[in-house]
file upload06.pdb (PDB, C-alpha atoms and all ligand atoms)
ATOM      1  CA  MET A   1      58.045 154.069  27.357
ATOM      2  CA  LEU A   2      61.617 155.320  27.554
ATOM      3  CA  GLY A   3      62.854 153.196  30.397
ATOM      4  CA  GLU A   4      65.776 153.948  32.725
ATOM      5  CA  MET A   5      68.410 153.809  29.952
ATOM      6  CA  GLY A   6      66.480 156.183  27.698
ATOM      7  CA  MET A   7      65.923 158.654  30.548
ATOM      8  CA  GLY A   8      69.616 158.452  31.443
ATOM      9  CA  PHE A   9      70.551 159.243  27.849
ATOM     10  CA  ILE A  10      68.203 162.277  27.739
ATOM     11  CA  LYS A  11      69.508 163.554  31.083
ATOM     12  CA  THR A  12      73.111 163.248  29.916
ATOM     13  CA  TYR A  13      72.312 164.885  26.565
ATOM     14  CA  LEU A  14      70.534 167.851  28.197
ATOM     15  CA  ALA A  15      73.342 168.341  30.725
ATOM     16  CA  GLY A  16      75.838 168.466  27.830
ATOM     17  CA  GLN A  17      73.639 170.967  25.961
ATOM     18  CA  SER A  18      73.389 173.133  29.056
ATOM     19  CA  ARG A  19      77.173 173.069  29.505
ATOM     20  CA  ARG A  20      78.024 173.864  25.862
ATOM     21  CA  PRO A  21      74.944 174.361  23.639
ATOM     22  CA  LYS A  22      75.373 172.868  20.132
ATOM     23  CA  GLY A  23      73.414 172.980  16.840
ATOM     24  CA  VAL A  24      69.669 173.535  16.487
ATOM     25  CA  ILE A  25      68.890 172.084  19.911
ATOM     26  CA  GLY A  26      71.590 174.331  21.404
ATOM     27  CA  LYS A  27      69.879 177.354  19.880
ATOM     28  CA  LEU A  28      66.567 176.276  21.453
ATOM     29  CA  MET A  29      68.406 175.745  24.746
ATOM     30  CA  GLY A  30      69.535 179.385  24.551
ATOM     31  CA  LYS A  31      65.903 180.530  24.308
ATOM     32  CA  LEU A  32      64.775 178.182  27.066
ATOM     33  CA  MET A  33      67.572 179.420  29.359
ATOM     34  CA  ASN A  34      66.409 183.023  28.776
ATOM     35  CA  LYS A  35      63.041 182.044  30.275
ATOM     36  CA  VAL A  36      64.170 179.731  33.053
ATOM     37  CA  ASN A  37      67.075 181.912  34.217
ATOM     38  CA  ALA A  38      65.460 185.350  33.770
ATOM     39  CA  GLN A  39      65.218 186.165  37.486
ATOM     40  CA  MET A  40      68.779 185.004  38.215
ATOM     41  CA  ASN A  41      70.145 187.255  35.476
ATOM     42  CA  GLU A  42      68.032 190.266  36.515
ATOM     43  CA  THR A  43      69.112 189.920  40.163
ATOM     44  CA  THR A  44      72.757 189.648  39.124
ATOM     45  CA  ILE A  45      72.642 192.743  36.923
ATOM     46  CA  GLN A  46      70.955 194.716  39.744
ATOM     47  CA  LEU A  47      73.548 193.626  42.335
ATOM     48  CA  LEU A  48      76.413 194.327  39.961
ATOM     49  CA  GLY A  49      75.308 197.982  39.833
ATOM     50  CA  ILE A  50      76.415 198.881  36.303
ATOM     51  CA  ASP A  51      77.185 202.593  35.897
ATOM     52  CA  ASP A  52      77.103 204.731  32.744
ATOM     53  CA  ASP A  53      80.228 204.223  30.608
ATOM     54  CA  ASP A  54      81.313 201.024  32.418
ATOM     55  CA  TYR A  55      83.218 198.297  30.572
ATOM     56  CA  VAL A  56      81.368 195.066  31.415
ATOM     57  CA  LEU A  57      82.320 191.435  30.755
ATOM     58  CA  GLU A  58      79.775 188.594  30.730
ATOM     59  CA  ILE A  59      81.240 185.097  30.887
ATOM     60  CA  GLY A  60      78.990 182.314  29.505
ATOM     61  CA  PHE A  61      76.387 184.607  27.922
ATOM     62  CA  GLY A  62      74.106 181.920  26.401
ATOM     63  CA  ASN A  63      72.427 183.591  23.411
ATOM     64  CA  GLY A  64      73.585 187.088  24.449
ATOM     65  CA  LYS A  65      70.167 188.493  25.426
ATOM     66  CA  TYR A  66      71.522 190.182  28.566
ATOM     67  CA  ILE A  67      74.384 191.803  26.687
ATOM     68  CA  ALA A  68      71.742 193.490  24.509
ATOM     69  CA  GLU A  69      69.690 194.504  27.561
ATOM     70  CA  ILE A  70      72.620 196.157  29.339
ATOM     71  CA  ILE A  71      73.508 198.102  26.180
ATOM     72  CA  GLU A  72      69.922 199.299  25.941
ATOM     73  CA  ARG A  73      69.518 200.104  29.639
ATOM     74  CA  VAL A  74      72.826 201.730  30.623
ATOM     75  CA  LYS A  75      74.133 204.728  28.718
ATOM     76  CA  GLY A  76      77.647 204.569  27.252
ATOM     77  CA  THR A  77      78.403 201.020  28.426
ATOM     78  CA  HIS A  78      80.615 198.674  26.453
ATOM     79  CA  VAL A  79      79.793 195.000  26.942
ATOM     80  CA  LEU A  80      82.177 192.206  25.992
ATOM     81  CA  GLY A  81      81.148 188.582  26.087
ATOM     82  CA  LEU A  82      83.115 185.362  26.384
ATOM     83  CA  ASP A  83      81.634 181.897  25.765
ATOM     84  CA  PHE A  84      83.129 178.630  24.573
ATOM     85  CA  SER A  85      80.116 177.433  22.547
ATOM     86  CA  ASP A  86      80.217 177.932  18.713
ATOM     87  CA  GLU A  87      76.440 178.095  18.606
ATOM     88  CA  MET A  88      76.083 180.684  21.386
ATOM     89  CA  VAL A  89      78.841 182.845  19.878
ATOM     90  CA  LYS A  90      76.996 182.741  16.529
ATOM     91  CA  THR A  91      73.607 183.562  18.053
ATOM     92  CA  ALA A  92      74.894 186.317  20.349
ATOM     93  CA  THR A  93      76.748 187.892  17.415
ATOM     94  CA  LYS A  94      73.474 187.968  15.450
ATOM     95  CA  ILE A  95      71.371 189.343  18.329
ATOM     96  CA  ASN A  96      73.929 192.099  19.017
ATOM     97  CA  LYS A  97      74.944 192.862  15.421
ATOM     98  CA  ASN A  98      74.039 196.575  15.510
ATOM     99  CA  SER A  99      75.882 197.209  18.790
ATOM    100  CA  ILE A 100      78.895 195.287  17.410
ATOM    101  CA  LYS A 101      78.903 197.613  14.372
ATOM    102  CA  GLU A 102      78.717 200.631  16.696
ATOM    103  CA  GLY A 103      81.708 199.277  18.645
ATOM    104  CA  ARG A 104      79.802 198.881  21.920
ATOM    105  CA  VAL A 105      79.729 195.059  21.948
ATOM    106  CA  GLN A 106      82.456 192.500  21.327
ATOM    107  CA  ILE A 107      81.759 188.761  21.322
ATOM    108  CA  GLU A 108      84.687 186.369  21.756
ATOM    109  CA  GLN A 109      84.906 182.597  21.844
ATOM    110  CA  GLY A 110      86.984 181.191  24.671
ATOM    111  CA  GLU A 111      87.127 179.788  28.179
ATOM    112  CA  VAL A 112      87.050 181.425  31.571
ATOM    113  CA  GLU A 113      90.322 179.638  32.360
ATOM    114  CA  LYS A 114      92.073 181.595  29.574
ATOM    115  CA  ILE A 115      90.347 184.956  29.118
ATOM    116  CA  PRO A 116      91.482 186.611  25.861
ATOM    117  CA  PHE A 117      91.442 190.178  27.237
ATOM    118  CA  SER A 118      94.075 192.519  28.671
ATOM    119  CA  ASN A 119      94.784 193.137  32.338
ATOM    120  CA  GLY A 120      92.484 195.542  34.206
ATOM    121  CA  MET A 121      90.062 196.109  31.291
ATOM    122  CA  PHE A 122      86.716 195.792  33.080
ATOM    123  CA  ASP A 123      84.762 197.768  35.679
ATOM    124  CA  LYS A 124      82.227 194.959  36.153
ATOM    125  CA  ILE A 125      82.218 191.224  35.389
ATOM    126  CA  PHE A 126      79.351 188.767  35.824
ATOM    127  CA  THR A 127      78.601 185.141  35.154
ATOM    128  CA  VAL A 128      75.346 183.265  35.717
ATOM    129  CA  ASN A 129      74.913 179.485  35.773
ATOM    130  CA  THR A 130      78.387 178.717  34.471
ATOM    131  CA  ILE A 131      80.565 177.954  37.514
ATOM    132  CA  TYR A 132      79.327 174.328  37.581
ATOM    133  CA  PHE A 133      81.091 173.775  34.241
ATOM    134  CA  TRP A 134      84.444 175.452  34.895
ATOM    135  CA  SER A 135      87.220 172.878  34.541
ATOM    136  CA  ASP A 136      89.445 174.793  36.996
ATOM    137  CA  PRO A 137      87.571 177.251  39.286
ATOM    138  CA  ILE A 138      90.764 178.635  40.883
ATOM    139  CA  LEU A 139      92.306 179.403  37.493
ATOM    140  CA  GLY A 140      88.977 180.896  36.346
ATOM    141  CA  LEU A 141      88.895 183.271  39.328
ATOM    142  CA  GLN A 142      92.561 184.207  38.851
ATOM    143  CA  GLU A 143      91.839 185.070  35.233
ATOM    144  CA  ILE A 144      88.771 187.149  36.210
ATOM    145  CA  LYS A 145      90.865 189.017  38.800
ATOM    146  CA  ARG A 146      93.517 189.731  36.186
ATOM    147  CA  VAL A 147      91.102 191.376  33.733
ATOM    148  CA  LEU A 148      89.106 193.268  36.419
ATOM    149  CA  LYS A 149      90.202 196.827  37.252
ATOM    150  CA  PRO A 150      91.412 197.498  40.810
ATOM    151  CA  GLY A 151      88.184 198.288  42.701
ATOM    152  CA  GLY A 152      86.118 196.589  39.951
ATOM    153  CA  ARG A 153      83.192 194.367  40.922
ATOM    154  CA  LEU A 154      82.401 190.715  40.151
ATOM    155  CA  ALA A 155      79.056 188.895  40.539
ATOM    156  CA  ILE A 156      78.817 185.096  40.309
ATOM    157  CA  THR A 157      75.341 183.578  40.414
ATOM    158  CA  PHE A 158      74.581 179.866  40.717
ATOM    159  CA  ARG A 159      71.938 177.447  41.963
ATOM    160  CA  SER A 160      72.264 176.006  45.451
ATOM    161  CA  LYS A 161      74.155 172.779  45.970
ATOM    162  CA  ASP A 162      71.012 170.836  46.983
ATOM    163  CA  ILE A 163      69.454 171.579  43.575
ATOM    164  CA  MET A 164      72.601 171.064  41.507
ATOM    165  CA  SER A 165      73.832 167.920  43.226
ATOM    166  CA  GLN A 166      70.588 166.163  42.183
ATOM    167  CA  ARG A 167      71.852 166.667  38.636
ATOM    168  CA  THR A 168      75.323 165.316  39.243
ATOM    169  CA  SER A 169      75.752 162.038  37.416
ATOM    170  CA  ASP A 170      78.626 159.673  36.733
ATOM    171  CA  GLU A 171      77.331 159.360  33.181
ATOM    172  CA  TYR A 172      78.455 162.851  32.122
ATOM    173  CA  ASP A 173      81.734 163.174  30.266
ATOM    174  CA  PHE A 174      82.533 166.165  32.479
ATOM    175  CA  SER A 175      82.373 166.731  36.214
ATOM    176  CA  LEU A 176      79.994 169.278  37.712
ATOM    177  CA  PHE A 177      81.332 171.715  40.314
ATOM    178  CA  THR A 178      78.412 172.273  42.700
ATOM    179  CA  PRO A 179      79.709 174.490  45.517
ATOM    180  CA  GLU A 180      77.971 176.010  48.516
ATOM    181  CA  ALA A 181      78.140 179.827  48.562
ATOM    182  CA  GLU A 182      80.707 179.685  51.392
ATOM    183  CA  GLU A 183      83.054 177.617  49.229
ATOM    184  CA  VAL A 184      82.926 180.225  46.463
ATOM    185  CA  GLN A 185      83.507 182.983  49.038
ATOM    186  CA  THR A 186      86.596 181.139  50.327
ATOM    187  CA  LEU A 187      87.935 180.659  46.788
ATOM    188  CA  LEU A 188      87.440 184.391  46.111
ATOM    189  CA  LYS A 189      89.218 185.318  49.354
ATOM    190  CA  ASP A 190      92.116 182.957  48.544
ATOM    191  CA  THR A 191      92.387 184.528  45.080
ATOM    192  CA  GLY A 192      92.700 187.992  46.661
ATOM    193  CA  PHE A 193      89.220 189.452  46.182
ATOM    194  CA  THR A 194      87.826 191.739  48.921
ATOM    195  CA  ASN A 195      84.416 192.956  50.204
ATOM    196  CA  ILE A 196      82.928 189.521  49.502
ATOM    197  CA  SER A 197      79.219 189.094  50.208
ATOM    198  CA  ASN A 198      76.635 186.474  49.445
ATOM    199  CA  GLN A 199      72.875 186.652  49.138
ATOM    200  CA  HIS A 200      70.414 183.804  48.828
ATOM    201  CA  PHE A 201      67.311 184.095  46.640
ATOM    202  CA  SER A 202      64.512 181.829  45.556
ATOM    203  CA  ASP A 203      62.837 181.587  42.177
ATOM    204  CA  LYS A 204      59.684 179.434  42.182
ATOM    205  CA  SER A 205      61.124 177.752  45.296
ATOM    206  CA  ILE A 206      64.452 176.950  43.577
ATOM    207  CA  GLY A 207      67.250 178.494  45.616
ATOM    208  CA  TYR A 208      70.210 180.335  44.173
ATOM    209  CA  TYR A 209      73.124 182.455  45.367
ATOM    210  CA  CYS A 210      74.655 185.640  44.104
ATOM    211  CA  VAL A 211      78.175 186.179  45.431
ATOM    212  CA  VAL A 212      79.605 189.664  44.891
ATOM    213  CA  ALA A 213      83.254 190.645  45.390
ATOM    214  CA  GLU A 214      85.676 193.447  44.581
ATOM    215  CA  ASN A 215      89.182 193.427  43.186
TER     216      ASN A 215
HETATM  217  C1  LIG B   1      73.796 176.988  31.448
HETATM  218  S1  LIG B   1      74.324 178.157  30.254
HETATM  219  C2  LIG B   1      73.939 179.713  31.066
HETATM  220  C3  LIG B   1      73.636 180.822  30.113
HETATM  221  C4  LIG B   1      73.229 182.155  30.767
HETATM  222  N1  LIG B   1      74.320 182.735  31.520
HETATM  223  C5  LIG B   1      72.035 181.953  31.657
HETATM  224  O1  LIG B   1      72.118 182.094  32.892
HETATM  225  O2  LIG B   1      70.957 181.675  31.107
HETATM  226  C6  LIG B   1      76.090 178.097  30.381
HETATM  227  C7  LIG B   1      76.774 178.963  29.333
HETATM  228  O3  LIG B   1      78.142 179.138  29.723
HETATM  229  C8  LIG B   1      79.012 178.684  28.684
HETATM  230  N2  LIG B   1      80.166 178.091  29.397
HETATM  231  C9  LIG B   1      80.153 177.027  30.239
HETATM  232  N3  LIG B   1      81.379 176.800  30.749
HETATM  233  C10 LIG B   1      82.185 177.749  30.218
HETATM  234  C11 LIG B   1      83.591 178.023  30.358
HETATM  235  N4  LIG B   1      84.387 177.265  31.128
HETATM  236  N5  LIG B   1      84.097 179.091  29.672
HETATM  237  C12 LIG B   1      83.301 179.835  28.861
HETATM  238  N6  LIG B   1      81.971 179.606  28.676
HETATM  239  C13 LIG B   1      81.419 178.575  29.352
HETATM  240  C14 LIG B   1      78.170 177.727  27.836
HETATM  241  O4  LIG B   1      78.603 177.628  26.504
HETATM  242  C15 LIG B   1      76.763 178.355  27.952
HETATM  243  O5  LIG B   1      76.540 179.351  26.972
END

call {"tool": "encode", "arguments": {"input": "upload06.pdb", "output": "structure tokens", "more": "lines below"}}
Ligand SMILES: C[S@@+](CC[C@H](N)C(=O)[O-])C[C@H]1O[C@@H](n2cnc3c(N)ncnc32)[C@H](O)[C@@H]1O
result
Amino acid sequence: MLGEMGMGFIKTYLAGQSRRPKGVIGKLMGKLMNKVNAQMNETTIQLLGIDDDDYVLEIGFGNGKYIAEIIERVKGTHVLGLDFSDEMVKTATKINKNSIKEGRVQIEQGEVEKIPFSNGMFDKIFTVNTIYFWSDPILGLQEIKRVLKPGGRLAITFRSKDIMSQRTSDEYDFSLFTPEAEEVQTLLKDTGFTNISNQHFSDKSIGYYCVVAEN
């Protein structure tokens, strides 16, 4: 059997793959995340309320499945994606290749703490299951505010602290940010966002929050 050390290694490895998917296993992780996180992503897209012709930014898009879905579902939208994983950038570029050719999708590699887009470019921004991995949540929110149009909407979706803190481990080579919804609401308020609301949901008895705010 694996023993405590073996299990610890697997847990650490999977946490690293979830944070920044790499190689063949990272590609499989992308597919697995599509299944496991389907409801969280659907809820987020509904609450974001994407209108025809909106410019949308997804931060931490995994394999880019939801970028493709928005393009298919909402007329005239442009969807830009930002993710720091080589593998996810490669996969999302492949999945969205036709929309990239048509100029409706743009995939960029980079971090939420340094968003490579101009001020006030987006009507809507969303990010699902990424906040735990941000190295500087305040800087991340400041950057999101900068690229969001005045009156634009942001949705941040993440699992509840009780679920995520079970996964926190000293063995990781990164620290996990596992906030309560109220903490994210306070950070948004301090960054200057308005009309901040939070809803709690449950997917197969695993709780998650979607916090929505406006610029
Ligand atoms: C757990 S996956 C979530 C994927 C997808 N949003 C979902 O809900 O299934 C986290 C994704 O965010 C990306 N990511 C994590 N931290 C990031 C950061 N600070 N800046 C940009 N991308 C980040 C990872 O590379 C990965 O693709």

call {"tool": "closest_residue", "arguments": {"input": "upload06.pdb", "among": "A:Pro179, A:Gly30, A:Gly60, A:Gly81", "to": "ligand LIG 1 (chain B)", "atoms": "all atoms listed in the file"}}
result
A:Gly60

call {"tool": "atom_distance", "arguments": {"input": "upload06.pdb", "atom1": "CA of Ile144 in chain A", "atom2": "CA of Lys114 in chain A"}}
result
9.3 Å

call {"tool": "residues_near_ligand", "arguments": {"input": "upload06.pdb", "ligand": "ligand LIG 1 (chain B)", "cutoff": "6 Å", "atoms": "only C-alpha atoms and all ligand atoms", "output": "compact mmCIF listing (two decimals) with C-alpha atoms, in the coordinates of the input"}}
result
# COMPACT_ATOMS: atom_id res chain seq x y z
CA SER A 18 73.39 173.13 29.06
CA ARG A 19 77.17 173.07 29.50
CA ARG A 20 78.02 173.86 25.86
CA PRO A 21 74.94 174.36 23.64
CA MET A 33 67.57 179.42 29.36
CA ASN A 34 66.41 183.02 28.78
CA ASN A 37 67.08 181.91 34.22
CA ILE A 59 81.24 185.10 30.89
CA GLY A 60 78.99 182.31 29.50
CA PHE A 61 76.39 184.61 27.92
CA GLY A 62 74.11 181.92 26.40
CA ASP A 83 81.63 181.90 25.76
CA PHE A 84 83.13 178.63 24.57
CA SER A 85 80.12 177.43 22.55
CA MET A 88 76.08 180.68 21.39
CA GLY A 110 86.98 181.19 24.67
CA GLU A 111 87.13 179.79 28.18
CA VAL A 112 87.05 181.42 31.57
CA VAL A 128 75.35 183.26 35.72
CA ASN A 129 74.91 179.48 35.77
CA THR A 130 78.39 178.72 34.47
CA PHE A 133 81.09 173.78 34.24
CA TRP A 134 84.44 175.45 34.90

call {"tool": "closest_residue", "arguments": {"input": "upload06.pdb", "among": "A:Ile163, A:Lys31, A:Glu87, A:Leu82", "to": "Ser202 in chain A", "atoms": "all atoms listed in the file"}}
result
A:Ile163

call {"tool": "residues_around", "arguments": {"input": "upload06.pdb", "residues": "Phe177 in chain A", "least_positions_apart": "2", "cutoff": "10 Å", "atoms": "all atoms listed in the file", "output": "list in words"}}
result
Thr130, Ile131, Tyr132, Phe133, Trp134, Ser135, Asp136, Pro137, Lys161, Met164, Ser165, Thr168, Phe174, Ser175, Pro179 and Glu180 of chain A

call {"tool": "resolve_selection", "arguments": {"input": "upload06.pdb", "expression": "the PyMOL selection byres (((chain A and resi 71) around 12) and not hetatm)", "output": "VMD selection string"}}
result
chain A and resid 50 to 57 64 to 70 72 to 80 95 to 96 98 to 100 102 to 106

call {"tool": "write_last_selection", "arguments": {"input": "upload06.pdb", "atoms": "C-alpha atoms", "output": "PDB file, in the frame of the given file"}}
result
ATOM      1  CA  ILE A  50      76.415 198.881  36.303  1.00  0.00           C
ATOM      2  CA  ASP A  51      77.185 202.593  35.897  1.00  0.00           C
ATOM      3  CA  ASP A  52      77.103 204.731  32.744  1.00  0.00           C
ATOM      4  CA  ASP A  53      80.228 204.223  30.608  1.00  0.00           C
ATOM      5  CA  ASP A  54      81.313 201.024  32.418  1.00  0.00           C
ATOM      6  CA  TYR A  55      83.218 198.297  30.572  1.00  0.00           C
ATOM      7  CA  VAL A  56      81.368 195.066  31.415  1.00  0.00           C
ATOM      8  CA  LEU A  57      82.320 191.435  30.755  1.00  0.00           C
ATOM      9  CA  GLY A  64      73.585 187.088  24.449  1.00  0.00           C
ATOM     10  CA  LYS A  65      70.167 188.493  25.426  1.00  0.00           C
ATOM     11  CA  TYR A  66      71.522 190.182  28.566  1.00  0.00           C
ATOM     12  CA  ILE A  67      74.384 191.803  26.687  1.00  0.00           C
ATOM     13  CA  ALA A  68      71.742 193.490  24.509  1.00  0.00           C
ATOM     14  CA  GLU A  69      69.690 194.504  27.561  1.00  0.00           C
ATOM     15  CA  ILE A  70      72.620 196.157  29.339  1.00  0.00           C
ATOM     16  CA  GLU A  72      69.922 199.299  25.941  1.00  0.00           C
ATOM     17  CA  ARG A  73      69.518 200.104  29.639  1.00  0.00           C
ATOM     18  CA  VAL A  74      72.826 201.730  30.623  1.00  0.00           C
ATOM     19  CA  LYS A  75      74.133 204.728  28.718  1.00  0.00           C
ATOM     20  CA  GLY A  76      77.647 204.569  27.252  1.00  0.00           C
ATOM     21  CA  THR A  77      78.403 201.020  28.426  1.00  0.00           C
ATOM     22  CA  HIS A  78      80.615 198.674  26.453  1.00  0.00           C
ATOM     23  CA  VAL A  79      79.793 195.000  26.942  1.00  0.00           C
ATOM     24  CA  LEU A  80      82.177 192.206  25.992  1.00  0.00           C
ATOM     25  CA  ILE A  95      71.371 189.343  18.329  1.00  0.00           C
ATOM     26  CA  ASN A  96      73.929 192.099  19.017  1.00  0.00           C
ATOM     27  CA  ASN A  98      74.039 196.575  15.510  1.00  0.00           C
ATOM     28  CA  SER A  99      75.882 197.209  18.790  1.00  0.00           C
ATOM     29  CA  ILE A 100      78.895 195.287  17.410  1.00  0.00           C
ATOM     30  CA  GLU A 102      78.717 200.631  16.696  1.00  0.00           C
ATOM     31  CA  GLY A 103      81.708 199.277  18.645  1.00  0.00           C
ATOM     32  CA  ARG A 104      79.802 198.881  21.920  1.00  0.00           C
ATOM     33  CA  VAL A 105      79.729 195.059  21.948  1.00  0.00           C
ATOM     34  CA  GLN A 106      82.456 192.500  21.327  1.00  0.00           C
TER      35      GLN A 106
END

call {"tool": "resolve_selection", "arguments": {"input": "upload06.pdb", "expression": "the PyMOL selection byres (((chain A and resi 125) around 9) and not hetatm)", "output": "list in words"}}
result
Leu48, Tyr55, Val56, Leu57, Glu58, Ile59, Phe122, Asp123, Lys124, Phe126, Thr127, Ile144, Leu148, Gly152, Arg153, Leu154, Ala155 and Ile156 of chain A

call {"tool": "closest_residue", "arguments": {"input": "upload06.pdb", "among": "A:Asp162, A:Lys35, A:Glu183, A:Asn119", "to": "Lys149 in chain A", "atoms": "only C-alpha atoms"}}
result
A:Asn119

call {"tool": "resolve_selection", "arguments": {"input": "upload06.pdb", "expression": "the PyMOL selection byres (((chain A and resi 196) around 9) and not hetatm)", "output": "count of residues only"}}
result
12

call {"tool": "atom_distance", "arguments": {"input": "upload06.pdb", "atom1": "CA of Ile138 in chain A", "atom2": "CA of Leu187 in chain A"}}
result
6.9 Å

call {"tool": "atom_distance", "arguments": {"input": "upload06.pdb", "atom1": "CA of Gly23 in chain A", "atom2": "CA of Asp86 in chain A"}}
result
8.6 Å
